[in-house]
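What follows is input_29.txt (compact mmCIF, C-alpha atoms).
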# COMPACT_ATOMS: atom_id res chain seq x y z
CA MET Z 1 0.00 0.00 0.00
CA ASN Z 2 2.90 2.33 0.74
CA ALA Z 3 4.76 1.55 -2.49
CA PRO Z 4 4.87 4.54 -4.86
CA LEU Z 5 2.30 4.62 -7.64
CA THR Z 6 3.75 3.46 -10.95
CA LEU Z 7 2.47 3.46 -14.50
CA ALA Z 8 1.67 -0.24 -13.99
CA HIS Z 9 -0.99 0.69 -11.40
CA TYR Z 10 -2.85 2.88 -13.87
CA MET Z 11 -2.42 0.39 -16.71
CA THR Z 12 -3.78 -2.40 -14.50
CA LEU Z 13 -6.81 -0.28 -13.60
CA ALA Z 14 -7.40 0.52 -17.27
CA GLY Z 15 -6.97 -3.14 -18.16
CA ILE Z 16 -9.54 -4.26 -15.59
CA LEU Z 17 -12.00 -1.62 -16.79
CA PHE Z 18 -11.44 -2.69 -20.42
CA LEU Z 19 -12.01 -6.36 -19.58
CA ILE Z 20 -15.25 -5.52 -17.76
CA GLY Z 21 -16.30 -3.58 -20.86
CA ILE Z 22 -15.48 -6.51 -23.18
CA PHE Z 23 -17.38 -8.91 -20.94
CA GLY Z 24 -20.42 -6.62 -20.92
CA ALA Z 25 -20.36 -6.05 -24.68
CA LEU Z 26 -20.21 -9.80 -25.29
CA THR Z 27 -22.83 -10.91 -22.77
CA ARG Z 28 -25.49 -8.19 -22.37
CA ARG Z 29 -28.70 -8.93 -24.25
CA ASN Z 30 -29.94 -5.35 -24.10
CA ILE Z 31 -28.48 -3.07 -26.79
CA SER Z 32 -28.29 -0.10 -24.40
CA GLY Z 33 -26.25 -2.34 -22.06
CA ILE Z 34 -23.86 -3.09 -24.92
CA LEU Z 35 -23.50 0.64 -25.66
CA MET Z 36 -22.75 1.31 -21.97
CA SER Z 37 -20.05 -1.39 -22.00
CA ILE Z 38 -18.49 0.22 -25.07
CA GLU Z 39 -18.34 3.52 -23.15
CA LEU Z 40 -16.45 1.73 -20.36
CA MET Z 41 -13.90 0.50 -22.92
CA PHE Z 42 -13.41 4.02 -24.32
CA ASN Z 43 -12.79 5.26 -20.78
CA ALA Z 44 -10.19 2.56 -20.14
CA ALA Z 45 -8.30 3.67 -23.26
CA ASN Z 46 -8.51 7.29 -22.09
CA ILE Z 47 -7.07 6.46 -18.66
CA ASN Z 48 -4.12 4.84 -20.41
CA LEU Z 49 -3.57 7.91 -22.62
CA ALA Z 50 -3.66 10.30 -19.65
CA ALA Z 51 -1.33 8.04 -17.64
CA PHE Z 52 1.19 7.75 -20.50
CA ASP Z 53 1.12 11.54 -20.81
CA ARG Z 54 1.81 11.97 -17.08
CA PHE Z 55 4.46 9.27 -16.64
CA LEU Z 56 6.34 9.13 -19.95
CA HIS Z 57 6.01 12.64 -21.46
CA PRO Z 58 5.32 15.07 -18.60
CA GLU Z 59 6.65 18.02 -20.62
CA GLY Z 60 3.89 17.87 -23.30
CA VAL Z 61 0.11 17.51 -23.44
CA THR Z 62 -0.16 15.23 -26.49
CA GLY Z 63 -1.68 12.34 -24.54
CA GLN Z 64 -4.35 14.56 -23.03
CA ALA Z 65 -5.18 16.07 -26.43
CA LEU Z 66 -5.48 12.58 -27.92
CA ALA Z 67 -7.77 11.57 -25.06
CA LEU Z 68 -9.99 14.55 -25.94
CA PHE Z 69 -10.24 13.30 -29.53
CA VAL Z 70 -11.20 9.84 -28.26
CA MET Z 71 -13.84 11.46 -26.04
CA THR Z 72 -15.32 13.32 -29.03
CA VAL Z 73 -15.46 10.18 -31.16
CA ALA Z 74 -17.08 8.30 -28.25
CA ALA Z 75 -19.73 11.02 -27.93
CA ALA Z 76 -20.47 10.84 -31.66
CA GLU Z 77 -20.64 7.05 -31.49
CA ILE Z 78 -23.08 6.94 -28.57
CA VAL Z 79 -25.35 9.55 -30.16
CA VAL Z 80 -25.61 7.67 -33.46
CA GLY Z 81 -25.89 4.33 -31.63
CA LEU Z 82 -28.78 5.49 -29.46
CA ALA Z 83 -30.52 7.08 -32.46
CA LEU Z 84 -30.23 3.79 -34.37
CA LEU Z 85 -31.51 1.91 -31.32
CA LEU Z 86 -34.58 4.17 -31.15
CA ALA Z 87 -35.21 3.74 -34.89
CA ILE Z 88 -34.92 -0.06 -34.72
CA TYR Z 89 -37.09 -0.20 -31.60
CA ARG Z 90 -39.80 1.66 -33.43
CA GLY Z 91 -39.85 -1.01 -36.15
CA THR Z 92 -39.29 -4.20 -34.18
CA ASP Z 93 -40.58 -3.29 -30.70
CA THR Z 94 -37.67 -5.01 -28.96
CA VAL Z 95 -34.34 -3.97 -27.42
CA TYR Z 96 -32.71 -7.41 -27.30
CA ALA Z 97 -29.81 -8.11 -29.61
CA GLU Z 98 -30.91 -11.62 -30.61
CA ASP Z 99 -34.23 -10.28 -31.95
CA PHE Z 100 -32.51 -7.86 -34.34
CA ASN Z 101 -32.65 -10.20 -37.35
CA LEU Z 102 -34.15 -7.94 -40.02
CA LEU Z 103 -31.44 -8.89 -42.52
CA LYS Z 104 -31.82 -12.62 -42.01
CA GLY Z 105 -32.96 -14.28 -45.26
CA MET X 1 0.61 8.12 1.28
CA ILE X 2 -2.33 10.39 0.40
CA ASP X 3 -1.75 9.65 -3.31
CA GLN X 4 -2.13 5.93 -2.73
CA ILE X 5 -5.31 6.35 -0.67
CA VAL X 6 -6.85 8.56 -3.38
CA PHE X 7 -5.85 6.20 -6.18
CA TYR X 8 -7.04 3.00 -4.51
CA SER X 9 -10.38 4.42 -3.39
CA LEU X 10 -11.08 5.90 -6.85
CA ALA X 11 -10.02 2.65 -8.53
CA LEU X 12 -12.30 0.66 -6.22
CA LEU X 13 -15.24 3.01 -6.94
CA THR X 14 -14.66 2.86 -10.70
CA VAL X 15 -14.24 -0.91 -10.94
CA ALA X 16 -17.10 -1.74 -8.55
CA SER X 17 -19.58 0.50 -10.37
CA ALA X 18 -18.35 -0.77 -13.76
CA LEU X 19 -19.08 -4.31 -12.56
CA ALA X 20 -22.54 -3.15 -11.48
CA VAL X 21 -23.10 -1.66 -14.98
CA VAL X 22 -22.33 -4.99 -16.60
CA LEU X 23 -24.01 -7.34 -14.14
CA HIS X 24 -27.07 -5.47 -12.86
CA ARG X 25 -30.38 -6.88 -14.00
CA ASN X 26 -32.18 -3.53 -14.05
CA THR X 27 -30.95 -1.41 -16.98
CA VAL X 28 -32.00 1.87 -15.35
CA HIS X 29 -29.82 1.04 -12.35
CA SER X 30 -26.91 0.09 -14.56
CA SER X 31 -27.16 3.43 -16.38
CA LEU X 32 -26.98 5.18 -12.98
CA PHE X 33 -23.90 3.11 -12.11
CA LEU X 34 -22.42 4.10 -15.48
CA GLY X 35 -22.56 7.74 -14.36
CA LEU X 36 -20.83 6.81 -11.09
CA SER X 37 -18.12 4.86 -12.90
CA LEU X 38 -17.48 7.75 -15.32
CA ALA X 39 -17.24 10.15 -12.36
CA GLY X 40 -14.65 7.80 -10.84
CA VAL X 41 -12.64 7.97 -14.05
CA ALA X 42 -12.85 11.78 -13.84
CA GLY X 43 -11.30 11.50 -10.37
CA ILE X 44 -8.51 9.34 -11.82
CA TYR X 45 -7.81 12.13 -14.34
CA ALA X 46 -7.65 14.64 -11.50
CA SER X 47 -5.19 12.41 -9.64
CA LEU X 48 -3.07 12.30 -12.81
CA GLY X 49 -2.99 16.10 -12.93
CA ALA X 50 -4.97 16.31 -16.18
CA ASP X 51 -7.18 19.26 -15.25
CA PHE X 52 -8.84 19.95 -18.59
CA LEU X 53 -9.53 16.26 -19.13
CA PHE X 54 -11.19 16.16 -15.71
CA GLY X 55 -13.50 19.01 -16.63
CA ALA X 56 -14.25 17.58 -20.06
CA GLN X 57 -15.00 14.16 -18.57
CA ILE X 58 -17.51 15.66 -16.13
CA MET X 59 -19.15 17.81 -18.82
CA VAL X 60 -19.21 15.33 -21.72
CA TYR X 61 -19.57 11.98 -20.00
CA VAL X 62 -21.18 12.39 -16.58
CA SER X 63 -23.59 15.17 -17.50
CA GLY X 64 -23.95 14.37 -21.21
CA ILE X 65 -23.61 10.77 -22.24
CA ALA X 66 -24.75 9.19 -18.96
CA VAL X 67 -27.90 11.34 -18.92
CA LEU X 68 -28.56 10.59 -22.61
CA VAL X 69 -28.22 6.83 -22.01
CA MET X 70 -30.50 7.14 -18.97
CA PHE X 71 -33.18 8.90 -21.05
CA VAL X 72 -33.08 6.27 -23.79
CA VAL X 73 -33.15 3.40 -21.28
CA MET X 74 -36.18 4.94 -19.60
CA LEU X 75 -37.89 5.53 -22.96
CA LEU X 76 -37.39 1.96 -24.13
CA GLY X 77 -37.86 0.21 -20.81
CA ARG X 78 -40.71 -2.14 -20.10
CA ALA X 79 -41.85 -3.53 -16.75
CA SER X 80 -41.49 -7.12 -17.95
CA ASP X 81 -37.76 -6.57 -18.64
CA LEU X 82 -37.07 -6.82 -14.91
CA HIS X 83 -38.03 -10.51 -14.94
CA LEU X 84 -35.95 -11.46 -17.98
CA ARG X 85 -32.31 -12.42 -17.71
CA GLN X 86 -30.10 -9.70 -19.13
CA VAL X 87 -27.07 -11.90 -19.83
CA ASN X 88 -26.99 -14.33 -22.75
CA GLU X 89 -26.04 -17.98 -22.38
CA ARG X 90 -22.53 -17.63 -23.82
CA TRP X 91 -21.01 -15.92 -20.78
CA MET X 92 -18.49 -18.75 -20.32
CA ALA X 93 -16.99 -18.07 -23.75
CA ALA X 94 -16.92 -14.32 -22.97
CA LEU X 95 -15.09 -15.07 -19.72
CA LEU X 96 -12.55 -17.10 -21.70
CA VAL X 97 -12.01 -14.19 -24.12
CA CYS X 98 -11.49 -11.88 -21.13
CA ALA X 99 -8.99 -14.30 -19.55
CA VAL X 100 -6.92 -14.49 -22.73
CA ALA X 101 -6.99 -10.68 -23.12
CA ALA X 102 -6.10 -10.26 -19.43
CA VAL X 103 -2.87 -12.26 -19.82
CA GLY X 104 -1.68 -9.97 -22.60
CA LEU X 105 -2.78 -6.72 -20.95
CA PHE X 106 -1.16 -7.47 -17.60
CA LYS X 107 2.02 -8.70 -19.27
CA VAL X 108 2.33 -5.29 -20.94
CA ALA X 109 1.43 -3.48 -17.69
CA ARG X 110 4.19 -5.35 -15.82
CA LEU X 111 6.82 -3.87 -18.15
CA HIS X 112 6.14 -0.47 -16.56
CA ALA X 113 6.21 -1.61 -12.93
CA GLY X 114 9.24 0.60 -12.31
CA THR X 115 8.06 3.75 -14.11
CA VAL X 116 7.41 6.48 -11.54
CA VAL X 117 6.54 10.16 -11.85
CA THR X 118 9.58 12.32 -12.54
CA ALA X 119 8.15 15.85 -12.78
CA ALA X 120 5.46 17.68 -10.83
CA ALA X 121 2.05 17.97 -12.48
CA LYS X 122 1.29 21.34 -14.05
CA PRO X 123 -1.93 22.78 -15.50
CA GLY X 124 -2.30 21.74 -19.14
CA THR X 125 -5.32 23.70 -20.40
CA HIS X 126 -3.24 26.50 -21.90
CA ASP X 127 -0.95 24.07 -23.72
CA ILE X 128 -3.90 22.04 -25.04
CA GLY X 129 -5.43 25.21 -26.47
CA ARG X 130 -2.19 26.16 -28.19
CA LEU X 131 -1.79 22.63 -29.56
CA PHE X 132 -5.33 22.48 -30.94
CA LEU X 133 -5.22 25.88 -32.63
CA GLY X 134 -1.63 25.55 -33.81
CA GLU X 135 -0.02 22.26 -34.72
CA TRP X 136 -3.18 20.13 -34.63
CA LEU X 137 -5.53 22.58 -36.35
CA LEU X 138 -6.53 20.20 -39.17
CA PRO X 139 -7.47 17.25 -36.89
CA PHE X 140 -9.33 19.70 -34.66
CA GLU X 141 -11.43 20.95 -37.57
CA LEU X 142 -11.97 17.40 -38.83
CA ILE X 143 -13.26 16.24 -35.44
CA SER X 144 -15.82 19.05 -35.47
CA LEU X 145 -16.93 17.72 -38.86
CA VAL X 146 -17.33 14.27 -37.25
CA LEU X 147 -19.53 15.83 -34.55
CA LEU X 148 -21.63 17.59 -37.19
CA ALA X 149 -22.05 14.30 -39.07
CA ALA X 150 -23.11 12.56 -35.84
CA LEU X 151 -25.65 15.31 -35.17
CA LEU X 152 -27.14 15.02 -38.66
CA GLY X 153 -27.10 11.23 -38.42
CA ALA X 154 -28.99 11.28 -35.13
CA VAL X 155 -31.63 13.61 -36.56
CA PHE X 156 -31.89 11.52 -39.73
CA PHE X 157 -32.30 8.19 -37.92
CA THR X 158 -34.81 9.33 -35.31
CA ARG X 159 -37.13 11.31 -37.57
CA THR X 160 -40.54 9.76 -38.07
CA GLU X 161 -41.45 9.11 -41.65
CA LYS X 162 -44.69 10.58 -42.89
CA ALA X 163 -47.10 8.02 -44.24
CA SER X 164 -47.30 8.73 -47.96
Show me this structure written as structure tokens.
Amino acid sequence: MNAPLTLAHYMTLAGILFLIGIFGALTRRNISGILMSIELMFNAANINLAAFDRFLHPEGVTGQALALFVMTVAAAEIVVGLALLLAIYRGTDTVYAEDFNLLKG
Amino acid sequence: MIDQIVFYSLALLTVASALAVVLHRNTVHSSLFLGLSLAGVAGIYASLGADFLFGAQIMVYVSGIAVLVMFVVMLLGRASDLHLRQVNERWMAALLVCAVAAVGLFKVARLHAGTVVTAAAKPGTHDIGRLFLGEWLLPFELISLVLLAALLGAVFFTRTEKAS
């Protein structure tokens, strides 16, 4: 507990968060649950970027700027994803991934 | 010592609420836990000295995306959903995928077990502004185009078609 914080601590935290996100994206039946899990994965990547910036290149802000780009792309992704979810729900009246089989022949 | 206490408590908050997001049966509750988990990540940014990222995380994620997800979950929710299982039957395979990914991730993380902070944290907002409007001007403009496209896409997909 008293050992100094290293980059490995932050990378381990980001790794755990990413694995939770993967598990959720693979196992949730509800599409909004899958979108939430994807947000967790984006956040794990952002923690890594901020930690690399702090530990490896403390003189610049490139990692933080890159994390802001990731944040913007994540916001765009969730907006389009939720809009698609609403549109599909209107047609099929379900939110479960296994019922989304409109393209099945 | 205070650094370690802050880091471990924020990490515990983030991971515990992320687990609740993934495992909770009630989707409304898991969207609330998503907000908590994102706020924990904002705290991690603050502990890393990334001040602008902390503010952006609170504004974009906690008060934007989490609220948006909550609205959609409440719009689409149905009372009968609470009695259905929210996890599909292939969770063993997903656990296996996670185990394989974990080996690789933690192997990489162990390489940096000796990397410690060398310089004191300093405010980065000014430098980020200079970077975005100087060297990274083109990516900055392109990302605003991406946001515009997302906005138009959301309007396009959610509009109700008139019966012709």
How would you write as a list in words the residues that get within 10 Å of (4.0, -1.9, -17.6) in the file's frame, counting only C-alpha atoms? Thr6, Leu7, Ala8, His9, Tyr10, Met11 and Thr12 of chain Z; Leu105, Phe106, Lys107, Val108, Ala109, Arg110, Leu111, His112, Ala113, Gly114 and Thr115 of chain X
May I ask for the distance between CA of Ala66 (chain X) and CA of Gly35 (chain X), given in Å to one decimal place?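 Taking CA of Ala66 (chain X) and CA of Gly35 (chain X), their separation equals 5.3 Å.
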Protein/DNA/RNA residues near (-24.1, -8.3, -19.5), cut 12 Å, all atoms listed in the file, as a tab-separated table (two decimals) with C-alpha atoms, in the coordinates of the input:
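Output saved as part10.tsv:
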chain	number	residue	atom	x	y	z
Z	20	ILE	CA	-15.25	-5.52	-17.76
Z	21	GLY	CA	-16.30	-3.58	-20.86
Z	22	ILE	CA	-15.48	-6.51	-23.18
Z	23	PHE	CA	-17.38	-8.91	-20.94
Z	24	GLY	CA	-20.42	-6.62	-20.92
Z	25	ALA	CA	-20.36	-6.05	-24.68
Z	26	LEU	CA	-20.21	-9.80	-25.29
Z	27	THR	CA	-22.83	-10.91	-22.77
Z	28	ARG	CA	-25.49	-8.19	-22.37
Z	29	ARG	CA	-28.70	-8.93	-24.25
Z	30	ASN	CA	-29.94	-5.35	-24.10
Z	31	ILE	CA	-28.48	-3.07	-26.79
Z	32	SER	CA	-28.29	-0.10	-24.40
Z	33	GLY	CA	-26.25	-2.34	-22.06
Z	34	ILE	CA	-23.86	-3.09	-24.92
Z	35	LEU	CA	-23.50	0.64	-25.66
Z	36	MET	CA	-22.75	1.31	-21.97
Z	37	SER	CA	-20.05	-1.39	-22.00
Z	38	ILE	CA	-18.49	0.22	-25.07
Z	96	TYR	CA	-32.71	-7.41	-27.30
Z	97	ALA	CA	-29.81	-8.11	-29.61
X	18	ALA	CA	-18.35	-0.77	-13.76
X	19	LEU	CA	-19.08	-4.31	-12.56
X	20	ALA	CA	-22.54	-3.15	-11.48
X	21	VAL	CA	-23.10	-1.66	-14.98
X	22	VAL	CA	-22.33	-4.99	-16.60
X	23	LEU	CA	-24.01	-7.34	-14.14
X	24	HIS	CA	-27.07	-5.47	-12.86
X	25	ARG	CA	-30.38	-6.88	-14.00
X	26	ASN	CA	-32.18	-3.53	-14.05
X	27	THR	CA	-30.95	-1.41	-16.98
X	30	SER	CA	-26.91	0.09	-14.56
X	85	ARG	CA	-32.31	-12.42	-17.71
X	86	GLN	CA	-30.10	-9.70	-19.13
X	87	VAL	CA	-27.07	-11.90	-19.83
X	88	ASN	CA	-26.99	-14.33	-22.75
X	89	GLU	CA	-26.04	-17.98	-22.38
X	90	ARG	CA	-22.53	-17.63	-23.82
X	91	TRP	CA	-21.01	-15.92	-20.78
X	92	MET	CA	-18.49	-18.75	-20.32
X	94	ALA	CA	-16.92	-14.32	-22.97
X	95	LEU	CA	-15.09	-15.07	-19.72
**OP:** Name all residues at most 10 Å from Leu85 (chain Z) (count all atoms listed in the file; drop same-chain ones fewer than 6 positions away) and give them as a list in words.
**Re:** Ile31, Ser32, Leu35, Val79, Thr94 and Val95 of chain Z; Val72, Leu76, Phe157 and Thr158 of chain X
Subject >> Exercise: Phe156 (chain X) partners within 10 Å, all atoms listed in the file, chain neighbours under 3 positions left out, as a ChimeraX atom specification >> reply: /Z:80,83-84,87 /X:150-153,159-160
Non-local contacts of Val62 (chain X) (8 Å; only C-alpha atoms; under 4 positions in same chain excluded) as a ChimeraX atom specification | /X:35-36,38-39,57-58,66-67
Between CA of Ala102 (chain X) and CA of Leu66 (chain Z), what is the spacing in Å?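 Separation of CA of Leu66 (chain Z) and CA of Ala102 (chain X): 24.4 Å.
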| query | Taking only C-alpha atoms into account, which of X:Glu141, X:Gly55, X:Ser17, X:Met1 comes nearest chain Z? | reply |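 Looking at the shortest contact to chain Z, the residue is X:Met1.
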Work out how far apart CA of Ala67 (chain Z) and CA of Ile143 (chain X) are and give it in Å to one decimal.
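These two atoms are separated by 12.6 Å.
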- Query: Hey, what's within 9 Å of Ala56 (chain X) if we count all atoms listed in the file and toss same-chain stuff fewer than 5 positions away? As number ranges by chain, please?
  - Reply: Z: 68, 71; X: 42, 51, 61
I'd like the neighbourhood of Asn2 (chain Z) as a list in words, where a residue qualifies if any of its atoms comes within 12 Å (using all atoms listed in the file), though same-chain residues fewer than 5 positions away should be ignored. Met1, Ile2, Asp3, Gln4, Ile5, Phe7 and Tyr8 of chain X
**Message:** Restricting the calculation to all atoms listed in the file: of Z:Arg90, Z:Lys104, Z:His57, Z:Ala65, which residue gets closest to chain X?
**Reply:**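 Once distances to chain X are computed over all atoms listed in the file, the minimum belongs to Z:Ala65.
The closest residue to Tyr89 (chain Z), picked from Z:Leu102, Z:Val70, Z:Phe52, Z:Ile47 and counting only C-alpha atoms, is Z:Leu102.
The closest residue to chain Z, picked from X:Val117, X:Met74, X:Leu137, X:Ala79 and counting only C-alpha atoms, is X:Val117.
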In terms of the shortest atom-to-atom distance over only C-alpha atoms, which of X:Leu32, X:Leu75, X:Leu138, X:Val116 is closest to chain Z?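 With only C-alpha atoms as the atom set, the closest residue is X:Val116.
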